[in-house]
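Q: The structure file data19.cif (mmCIF, C-alpha atoms and all ligand atoms) is provided below.
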```cif
data_start
loop_
_atom_site.label_atom_id
_atom_site.label_comp_id
_atom_site.auth_asym_id
_atom_site.auth_seq_id
_atom_site.Cartn_x
_atom_site.Cartn_y
_atom_site.Cartn_z
CA MET H 9 54.32 -19.03 -49.40
CA GLY H 10 57.05 -17.32 -47.46
CA LEU H 11 54.61 -15.05 -45.61
CA ASP H 12 54.93 -15.07 -41.87
CA SER H 13 51.24 -15.77 -41.39
CA ARG H 14 49.42 -18.83 -40.05
CA TYR H 15 45.74 -17.87 -40.06
CA ILE H 16 43.47 -15.85 -42.31
CA TRP H 17 40.08 -14.68 -41.02
CA MET H 18 37.33 -15.72 -43.46
CA ASP H 19 33.66 -14.94 -42.89
CA GLY H 20 33.88 -15.09 -39.13
CA LYS H 21 36.41 -17.90 -38.65
CA LEU H 22 40.19 -18.17 -38.47
CA VAL H 23 41.25 -20.55 -41.23
CA ASP H 24 44.69 -22.16 -41.66
CA PHE H 25 46.74 -20.14 -44.13
CA GLN H 26 46.93 -22.94 -46.73
CA HIS H 27 43.17 -23.58 -46.58
CA ALA H 28 42.12 -19.95 -47.05
CA ASN H 29 41.03 -20.47 -50.69
CA VAL H 30 38.19 -19.28 -52.93
CA HIS H 31 36.58 -21.09 -55.87
CA PHE H 32 37.84 -20.58 -59.44
CA LEU H 33 34.40 -19.26 -60.50
CA THR H 34 34.28 -16.50 -57.86
CA SER H 35 33.00 -13.40 -59.70
CA ALA H 36 35.53 -11.16 -57.96
CA LEU H 37 38.31 -13.09 -59.67
CA HIS H 38 36.76 -12.66 -63.13
CA TYR H 39 35.47 -9.09 -62.99
CA GLY H 40 37.31 -7.31 -60.19
CA LEU H 41 34.18 -7.15 -58.01
CA GLY H 42 35.80 -6.59 -54.68
CA VAL H 43 36.87 -3.80 -52.34
CA PHE H 44 39.85 -3.85 -50.04
CA GLU H 45 41.99 -1.96 -47.56
CA GLY H 46 45.67 -1.76 -46.75
CA ILE H 47 46.34 -1.09 -43.05
CA ARG H 48 49.43 -1.27 -40.86
CA CYS H 49 49.97 -2.49 -37.34
CA TYR H 50 53.11 -1.08 -35.68
CA ALA H 51 55.20 -2.30 -32.76
CA ALA H 52 54.36 0.70 -30.58
CA GLU H 53 55.83 1.28 -27.11
CA ARG H 54 52.76 -0.23 -25.39
CA GLY H 55 52.47 -3.22 -27.79
CA PRO H 56 51.07 -3.85 -31.28
CA ALA H 57 48.90 -0.94 -32.41
CA VAL H 58 46.92 -0.48 -35.62
CA PHE H 59 47.08 2.94 -37.27
CA ARG H 60 43.66 4.51 -37.85
CA LEU H 61 41.89 1.14 -37.88
CA ARG H 62 38.37 2.57 -37.61
CA GLU H 63 38.93 5.01 -40.49
CA HIS H 64 40.23 2.18 -42.67
CA MET H 65 37.25 -0.07 -41.88
CA GLU H 66 34.86 2.83 -42.48
CA ARG H 67 36.49 3.42 -45.85
CA LEU H 68 36.19 -0.30 -46.63
CA VAL H 69 32.46 -0.26 -45.93
CA ASP H 70 32.12 3.01 -47.89
CA SER H 71 33.97 1.40 -50.80
CA ALA H 72 31.48 -1.49 -50.72
CA ARG H 73 28.59 1.00 -50.81
CA VAL H 74 30.15 2.92 -53.69
CA LEU H 75 30.64 -0.32 -55.64
CA GLY H 76 26.99 -1.11 -54.99
CA PHE H 77 26.79 -3.86 -52.36
CA ARG H 78 23.40 -3.42 -50.63
CA THR H 79 24.08 -5.66 -47.66
CA LEU H 80 27.27 -6.74 -45.98
CA PRO H 81 27.67 -9.67 -43.60
CA PHE H 82 29.78 -7.64 -41.12
CA GLY H 83 29.85 -4.07 -39.86
CA VAL H 84 32.73 -1.78 -38.92
CA ASP H 85 32.85 -2.82 -35.24
CA GLU H 86 32.92 -6.52 -36.12
CA LEU H 87 35.66 -5.94 -38.69
CA ILE H 88 37.74 -4.07 -36.10
CA GLU H 89 37.44 -6.94 -33.61
CA ALA H 90 38.15 -9.50 -36.33
CA THR H 91 41.34 -7.62 -37.26
CA LYS H 92 42.57 -7.61 -33.67
CA ASP H 93 41.75 -11.35 -33.34
CA THR H 94 43.66 -12.14 -36.52
CA ILE H 95 46.78 -10.25 -35.42
CA ARG H 96 46.67 -11.93 -31.99
CA ALA H 97 46.17 -15.41 -33.53
CA ASN H 98 49.21 -14.88 -35.75
CA GLY H 99 51.32 -13.61 -32.84
CA LEU H 100 52.65 -10.65 -34.85
CA SER H 101 53.96 -7.48 -33.21
CA SER H 102 53.85 -5.53 -36.47
CA CYS H 103 52.22 -6.40 -39.78
CA TYR H 104 50.40 -5.29 -42.89
CA ILE H 105 46.64 -5.97 -42.82
CA ARG H 106 44.58 -6.77 -45.92
CA PRO H 107 40.80 -6.94 -45.52
CA LEU H 108 38.85 -7.79 -48.68
CA ILE H 109 35.12 -7.87 -49.36
CA TYR H 110 34.51 -9.85 -52.55
CA HIS H 111 31.54 -10.95 -54.61
CA THR H 112 30.67 -14.54 -55.21
CA ALA H 113 27.76 -16.26 -56.98
CA ASP H 114 27.00 -19.69 -58.47
CA ILE H 115 28.47 -18.55 -61.78
CA PRO H 116 30.53 -15.38 -62.40
CA THR H 117 28.17 -12.43 -62.86
CA LEU H 118 28.37 -8.69 -63.45
CA ASN H 119 25.12 -8.16 -61.53
CA LEU H 120 26.05 -7.41 -57.95
CA ASP H 121 22.50 -8.22 -56.81
CA LYS H 122 23.01 -11.84 -57.80
CA GLY H 123 25.21 -13.63 -55.29
CA GLU H 124 26.65 -12.24 -52.09
CA ALA H 125 29.53 -10.53 -50.34
CA ARG H 126 32.20 -12.54 -48.53
CA VAL H 127 34.89 -11.09 -46.30
CA GLY H 128 38.46 -12.06 -45.50
CA ILE H 129 41.27 -10.47 -43.47
CA ALA H 130 44.90 -11.49 -43.94
CA VAL H 131 47.91 -10.21 -42.00
CA TRP H 132 51.62 -10.62 -42.70
CA GLN H 133 54.93 -9.00 -42.00
CA TRP H 134 55.71 -6.57 -44.79
CA ASP H 135 58.43 -3.96 -44.96
CA SER H 136 58.03 -0.70 -46.75
CA TYR H 137 56.41 -0.98 -50.21
CA LEU H 138 59.05 1.15 -51.93
CA GLY H 139 61.94 -0.48 -50.03
CA GLU H 140 63.84 0.37 -46.84
CA GLU H 141 66.43 2.41 -48.75
CA ALA H 142 63.71 4.65 -50.16
CA ARG H 143 62.91 6.00 -46.70
CA GLU H 144 66.24 7.80 -46.52
CA LYS H 145 67.27 8.17 -50.15
CA GLY H 146 63.91 8.83 -51.78
CA VAL H 147 62.73 7.39 -55.08
CA ARG H 148 62.91 8.11 -58.80
CA ALA H 149 59.56 8.45 -60.56
CA ASN H 150 58.19 8.85 -64.06
CA ILE H 151 54.97 10.38 -65.33
CA SER H 152 52.98 7.39 -66.49
CA SER H 153 51.76 7.09 -70.05
CA PHE H 154 48.56 5.70 -68.48
CA THR H 155 45.92 8.19 -67.26
CA ARG H 156 44.41 7.85 -63.77
CA HIS H 157 40.72 7.01 -63.46
CA HIS H 158 37.98 9.39 -64.50
CA PRO H 159 35.67 9.69 -61.46
CA ASN H 160 32.66 8.66 -63.52
CA VAL H 161 34.35 5.70 -65.17
CA SER H 162 35.89 4.12 -62.10
CA MET H 163 34.92 5.15 -58.64
CA THR H 164 37.99 6.95 -57.33
CA LYS H 165 36.79 7.13 -53.71
CA ALA H 166 36.58 3.37 -53.47
CA LYS H 167 39.40 0.86 -53.26
CA VAL H 168 37.84 -1.43 -55.86
CA THR H 169 40.03 -4.39 -56.81
CA GLY H 170 39.26 -3.89 -60.52
CA ASN H 171 40.52 -0.29 -60.34
CA TYR H 172 43.97 -1.60 -59.62
CA ALA H 173 44.51 -2.89 -63.16
CA ASN H 174 45.20 0.80 -63.89
CA SER H 175 47.80 0.95 -61.09
CA MET H 176 49.32 -2.31 -62.28
CA LEU H 177 49.73 -0.99 -65.86
CA ALA H 178 51.48 2.12 -64.58
CA LYS H 179 53.61 0.35 -61.97
CA THR H 180 54.87 -2.33 -64.35
CA GLU H 181 55.65 0.21 -67.06
CA SER H 182 57.52 2.34 -64.52
CA ALA H 183 59.56 -0.61 -63.21
CA ARG H 184 60.41 -1.77 -66.75
CA LEU H 185 61.63 1.74 -67.56
CA GLY H 186 63.90 1.57 -64.50
CA PHE H 187 61.96 3.90 -62.15
CA ASP H 188 60.71 3.17 -58.63
CA GLU H 189 57.19 4.55 -58.95
CA ALA H 190 54.78 6.09 -61.45
CA ILE H 191 53.00 9.42 -61.02
CA MET H 192 49.64 9.45 -62.79
CA LEU H 193 47.83 12.41 -64.32
CA ASP H 194 44.04 12.75 -64.14
CA PRO H 195 41.91 12.88 -67.32
CA GLN H 196 42.28 16.71 -67.35
CA GLY H 197 46.06 16.36 -67.37
CA TYR H 198 46.74 17.46 -63.78
CA VAL H 199 48.72 15.42 -61.27
CA ALA H 200 46.48 12.90 -59.52
CA GLU H 201 48.39 10.33 -57.47
CA CYS H 202 50.78 7.40 -57.71
CA THR H 203 49.89 3.73 -58.14
CA GLY H 204 49.40 3.34 -54.37
CA GLU H 205 50.27 6.71 -52.83
CA ASN H 206 49.05 10.29 -52.66
CA LEU H 207 51.41 13.12 -53.57
CA PHE H 208 52.46 16.49 -52.11
CA ILE H 209 54.78 19.24 -53.33
CA VAL H 210 56.60 21.93 -51.37
CA ARG H 211 57.33 25.23 -53.10
CA GLN H 212 58.62 28.41 -51.51
CA GLY H 213 57.68 27.18 -48.04
CA LYS H 214 54.12 26.17 -48.96
CA ILE H 215 52.71 22.65 -49.26
CA PHE H 216 50.26 21.74 -52.03
CA THR H 217 48.43 18.51 -52.81
CA PRO H 218 45.90 17.60 -55.53
CA HIS H 219 42.18 18.04 -54.80
CA THR H 220 40.38 14.92 -53.63
CA ALA H 221 37.95 14.63 -56.59
CA PRO H 222 40.06 12.40 -58.89
CA ILE H 223 42.07 10.54 -56.21
CA LEU H 224 41.70 8.06 -53.38
CA GLU H 225 41.26 10.04 -50.15
CA GLY H 226 44.30 8.56 -48.44
CA ILE H 227 44.29 8.15 -44.69
CA THR H 228 48.04 8.82 -44.55
CA ARG H 229 47.43 11.95 -46.65
CA ASP H 230 44.87 13.09 -44.09
CA ALA H 231 47.28 12.35 -41.20
CA LEU H 232 50.04 14.38 -42.90
CA VAL H 233 47.70 17.32 -43.52
CA THR H 234 46.91 17.28 -39.79
CA ILE H 235 50.56 16.93 -38.74
CA ALA H 236 51.65 19.68 -41.15
CA GLY H 237 48.91 21.95 -39.76
CA ASP H 238 50.12 21.24 -36.21
CA LEU H 239 53.61 22.29 -37.31
CA GLY H 240 52.33 25.54 -38.82
CA TYR H 241 52.39 24.50 -42.49
CA PRO H 242 48.85 24.69 -43.86
CA VAL H 243 48.39 22.36 -46.84
CA GLU H 244 46.60 23.83 -49.85
CA PRO H 245 44.65 21.50 -52.16
CA ALA H 246 45.33 22.76 -55.70
CA PRO H 247 45.51 21.60 -59.31
CA ILE H 248 49.17 20.67 -59.91
CA SER H 249 50.65 20.51 -63.39
CA ARG H 250 53.40 18.15 -64.48
CA ASP H 251 55.95 20.96 -64.78
CA GLN H 252 55.08 22.25 -61.29
CA LEU H 253 56.50 18.95 -60.08
CA TYR H 254 59.75 19.56 -61.93
CA ILE H 255 60.29 22.97 -60.32
CA ALA H 256 59.10 22.07 -56.83
CA ASP H 257 61.59 22.37 -53.95
CA GLU H 258 60.38 19.03 -52.60
CA VAL H 259 58.01 16.29 -53.76
CA PHE H 260 56.92 13.46 -51.49
CA VAL H 261 54.41 10.64 -51.62
CA CYS H 262 52.57 8.85 -48.85
CA GLY H 263 50.44 5.81 -48.24
CA THR H 264 49.93 3.01 -45.77
CA ALA H 265 52.23 0.65 -47.66
CA ALA H 266 54.92 3.20 -48.62
CA GLU H 267 54.58 5.50 -45.55
CA VAL H 268 56.31 8.88 -46.28
CA VAL H 269 58.88 8.88 -49.06
CA SER H 270 60.61 11.71 -50.85
CA VAL H 271 60.72 11.82 -54.67
CA THR H 272 64.15 13.02 -55.70
CA GLU H 273 63.92 12.69 -59.49
CA ILE H 274 61.01 12.82 -61.96
CA ASP H 275 61.35 12.11 -65.68
CA PHE H 276 65.17 12.40 -65.38
CA ARG H 277 64.90 15.85 -63.75
CA GLN H 278 66.37 16.36 -60.29
CA ILE H 279 63.85 17.68 -57.77
CA GLY H 280 65.24 20.39 -55.47
CA THR H 281 68.64 19.34 -54.17
CA GLY H 282 68.11 15.76 -55.31
CA ARG H 283 67.84 14.65 -51.66
CA MET H 284 65.04 14.45 -49.14
CA GLY H 285 64.11 18.05 -48.25
CA PRO H 286 63.64 19.48 -44.75
CA VAL H 287 59.82 19.61 -44.85
CA THR H 288 59.58 16.00 -46.01
CA ARG H 289 62.03 14.89 -43.33
CA ARG H 290 60.10 16.69 -40.60
CA LEU H 291 56.80 15.15 -41.69
CA GLN H 292 58.37 11.70 -42.06
CA ASP H 293 59.82 11.92 -38.52
CA GLU H 294 56.53 13.09 -37.05
CA PHE H 295 54.62 10.37 -38.91
CA HIS H 296 56.98 7.68 -37.62
CA ALA H 297 56.54 8.99 -34.08
CA ALA H 298 52.75 9.05 -34.49
CA VAL H 299 52.47 5.44 -35.68
CA ARG H 300 54.68 4.22 -32.83
CA GLY H 301 52.73 5.90 -30.04
CA LYS H 302 55.22 8.70 -29.45
CA HIS H 303 53.18 11.68 -30.64
CA GLN H 304 50.35 13.80 -29.28
CA ARG H 305 48.13 12.52 -32.11
CA SER H 306 48.88 8.83 -31.34
CA ILE H 307 46.12 8.63 -28.73
CA ASP H 308 43.47 9.32 -31.35
CA TRP H 309 45.12 7.37 -34.16
CA LEU H 310 46.22 4.06 -32.60
CA THR H 311 44.10 1.04 -31.68
CA TYR H 312 46.04 -1.30 -29.40
CA VAL H 313 45.62 -4.99 -30.26
CA ASN H 314 45.88 -6.18 -26.64
C1 LIG Z 1 45.69 4.71 -55.45
C2 LIG Z 1 46.05 4.99 -54.04
N1 LIG Z 1 46.23 6.27 -53.66
C3 LIG Z 1 46.57 6.57 -52.40
C4 LIG Z 1 46.75 5.59 -51.45
C5 LIG Z 1 47.12 5.97 -50.05
O1 LIG Z 1 46.05 5.74 -49.18
P1 LIG Z 1 46.27 5.41 -47.65
O2 LIG Z 1 47.13 6.47 -47.08
O3 LIG Z 1 44.91 5.42 -47.08
O4 LIG Z 1 46.92 4.07 -47.58
C6 LIG Z 1 46.56 4.26 -51.80
C7 LIG Z 1 46.72 3.19 -50.81
O5 LIG Z 1 45.76 2.73 -50.26
C8 LIG Z 1 46.19 3.95 -53.12
O6 LIG Z 1 46.00 2.68 -53.51
#
```
Spit out the file's structure as structure tokens when you get a sec.
Ligand SMILES: Cc1ncc(COP(=O)(O)O)c(C=O)c1O
A:
Amino acid sequence: MGLDSRYIWMDGKLVDFQHANVHFLTSALHYGLGVFEGIRCYAAERGPAVFRLREHMERLVDSARVLGFRTLPFGVDELIEATKDTIRANGLSSCYIRPLIYHTADIPTLNLDKGEARVGIAVWQWDSYLGEEAREKGVRANISSFTRHHPNVSMTKAKVTGNYANSMLAKTESARLGFDEAIMLDPQGYVAECTGENLFIVRQGKIFTPHTAPILEGITRDALVTIAGDLGYPVEPAPISRDQLYIADEVFVCGTAAEVVSVTEIDFRQIGTGRMGPVTRRLQDEFHAAVRGKHQRSIDWLTYVN
């Protein structure tokens, strides 16, 4: 498969990569009945270290509760240990980590109380989601023609696999139009988030980000709010309109997969100078230091694998 991965953890055991399969009739495959996480392990100075592992596993279990699973075969502590075991077994110094809790039953069903939850954790080496070049040059984005989830239609606090059909529609449309990423508006018409990232704007020295109600509460978003606060830039959650993006001095997006990336053009309009702005650069530098164990916050945020 071209992934640098030999073992996948499945329901308590490390399974050879090519044997880590699920049955065709698994309900998760038919109806999107699963919840997942995206986590990164970095080659930190003292060895491989996972960024905010506990928070990610807590969000995974919260996602399962939001979706409606009543019982899970593993708890947060077991999932943390399983993640460390999987990274060690694969001998990786840095990797992307994908835990998934999925529903299975004798026949595909929409009733979560029939059948049970199964859990897998895969790890592989994966460079930045938006590409290495994006880190320095930034990306071009469009406002998607697809609306982001309504909180009472899809559960926006949960990383439900089925929710990602919405991200896929927006991402594919954006790529086919020649952009790097799509920005999605919430059902009220305000800026929500991207297909896999949260969004911030900088205007006249102040940083704003959308309220949490219609978005996924990103763990990178939370880290950047903390780092920005440490640097003396309080971040204000606020409704953000589409045209406020156009006239911002800086726009940047963040997520586990993409990390911190500046948005230099939206809907064919240049943002600020058309290059990564000073606030984005400062936060990107601090974030990179934090994930590699070179920051005052690293002690709280890193879990060493060994
Ligand atoms: C829709 C969406 N928003 C935001 C994020 C960023 O979240 P995090 O920083 O926890 O990776 C993600 C990625 O998980 C996502 O899928």
Q: Calculated over all atoms listed in the file, which of the candidates H:Asn150, H:Thr155, H:Ser13, H:Thr217 has the smallest distance to Tyr254 of chain H?
A: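 Answer, going by the shortest atom-to-atom distance: H:Asn150.
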Q: For Gly40 of chain H, find every residue with an atom within 10 Å (counting all atoms listed in the file), except residues of its own chain fewer than 2 positions away, and show them as a list in words.
A: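 Residues meeting the cut-off are Thr34, Ser35, Ala36, Leu37, His38, Gly42, Val43, Tyr110, His111, Leu118, Val168, Thr169, Gly170, Asn171, Tyr172 and Ala173 of chain H.
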Q: Point out the residue among H:Ser102, H:Gln304, H:Thr91, H:Asn206 with the least atom-to-atom distance to ligand LIG 1 (chain Z), counting only C-alpha atoms and all ligand atoms.
A: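 Nearest to ligand LIG 1 (chain Z): H:Asn206.
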Q: Between H:Ala178, H:Ile215, H:Leu11, H:Val313, which residue has the minimum interatomic distance to ligand LIG 1 (chain Z), considering only C-alpha atoms and all ligand atoms?
A: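 Among H:Ala178, H:Ile215, H:Leu11, H:Val313, it is H:Ala178 that comes nearest to ligand LIG 1 (chain Z).
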Q: Within 6 Å of (41.2, -11.2, -45.7) (coordinates as in the file), grab all the protein and nucleic acid residues, counting all atoms listed in the file, and write them out as JSON, numbers by chain.
A: {"H": [17, 106, 107, 108, 128, 129, 130]}
Q: Need to verify the contact set: Asp188 of chain H, 8 Å, only C-alpha atoms, exclusion of same-chain residues closer than 4 positions in sequence. Can you return it as a list in words?
A: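 These residues fall inside the cut-off: Leu138, Val147, Arg148, Ala149, Ser182 and Ala183 of chain H.
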Q: List all protein, DNA and RNA residues that have any atom at most 6 Å from ligand LIG 1 (chain Z), counting all atoms listed in the file, and write the list as a short mmCIF file (atom, residue, chain, number, x, y, z; two decimals) with C-alpha atoms, in the frame of the given file.
A:
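The new file part.cif reads:
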```cif
data_model
loop_
_atom_site.label_atom_id
_atom_site.label_comp_id
_atom_site.auth_asym_id
_atom_site.auth_seq_id
_atom_site.Cartn_x
_atom_site.Cartn_y
_atom_site.Cartn_z
CA GLY H 46 45.67 -1.76 -46.75
CA GLU H 201 48.39 10.33 -57.47
CA THR H 203 49.89 3.73 -58.14
CA GLY H 204 49.40 3.34 -54.37
CA GLU H 205 50.27 6.71 -52.83
CA ASN H 206 49.05 10.29 -52.66
CA LEU H 224 41.70 8.06 -53.38
CA GLY H 226 44.30 8.56 -48.44
CA ILE H 227 44.29 8.15 -44.69
CA THR H 228 48.04 8.82 -44.55
CA ARG H 229 47.43 11.95 -46.65
CA GLY H 263 50.44 5.81 -48.24
CA THR H 264 49.93 3.01 -45.77
#
```
Q: Contacts of Asp135 of chain H at 10 Å or less, counting all atoms listed in the file, minus same-chain residues fewer than 5 places along, as an NGL selection string?
A: :H and (102-104 or 140 or 265-266)
Q: Selection from above, C-alpha atoms, as a short mmCIF file (atom, residue, chain, number, x, y, z; two decimals), in the frame of the given file, can you write it?
A:
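Wrote it out as again28.cif, contents follow:
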```cif
data_model
loop_
_atom_site.label_atom_id
_atom_site.label_comp_id
_atom_site.auth_asym_id
_atom_site.auth_seq_id
_atom_site.Cartn_x
_atom_site.Cartn_y
_atom_site.Cartn_z
CA SER H 102 53.85 -5.53 -36.47
CA CYS H 103 52.22 -6.40 -39.78
CA TYR H 104 50.40 -5.29 -42.89
CA GLU H 140 63.84 0.37 -46.84
CA ALA H 265 52.23 0.65 -47.66
CA ALA H 266 54.92 3.20 -48.62
#
```
Q: Can you work out the spacing between atom CA of Asp238 of chain H and atom CA of Val269 of chain H in Å, to one decimal?
A: 19.9 Å
Q: Smallest atom-to-atom distance to Phe276 of chain H: which of H:Gly123, H:Gly146, H:Gly186, H:Pro247, using all atoms listed in the file?
A: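 The answer is H:Gly186, which sits nearest to Phe276 of chain H.
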Q: I'd like the interatomic distance between atom CA of Asn174 of chain H and atom CA of Pro218 of chain H, to a tenth of an Å.
A: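 A separation of 18.8 Å between them.
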Q: Can you tell me, as a PyMOL selection string, what residues are no more than 10 Å from Leu87 of chain H when counting all atoms listed in the file, ignoring any on the same chain fewer than 6 positions away?
A: chain H and resi 20+61-62+65-66+68-69+93+107+127-129
Q: Have a look at atom CA of Leu207 of chain H and atom CA of His219 of chain H and let me know their distance in Å, one decimal.
A: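 About the pair atom CA of Leu207 of chain H and atom CA of His219 of chain H: they are 10.5 Å apart.
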Q: Considering only C-alpha atoms, can you say which of H:Met163, H:Ile255, H:Ala200, H:Val23 comes closest to Ile223 of chain H?
A: H:Ala200
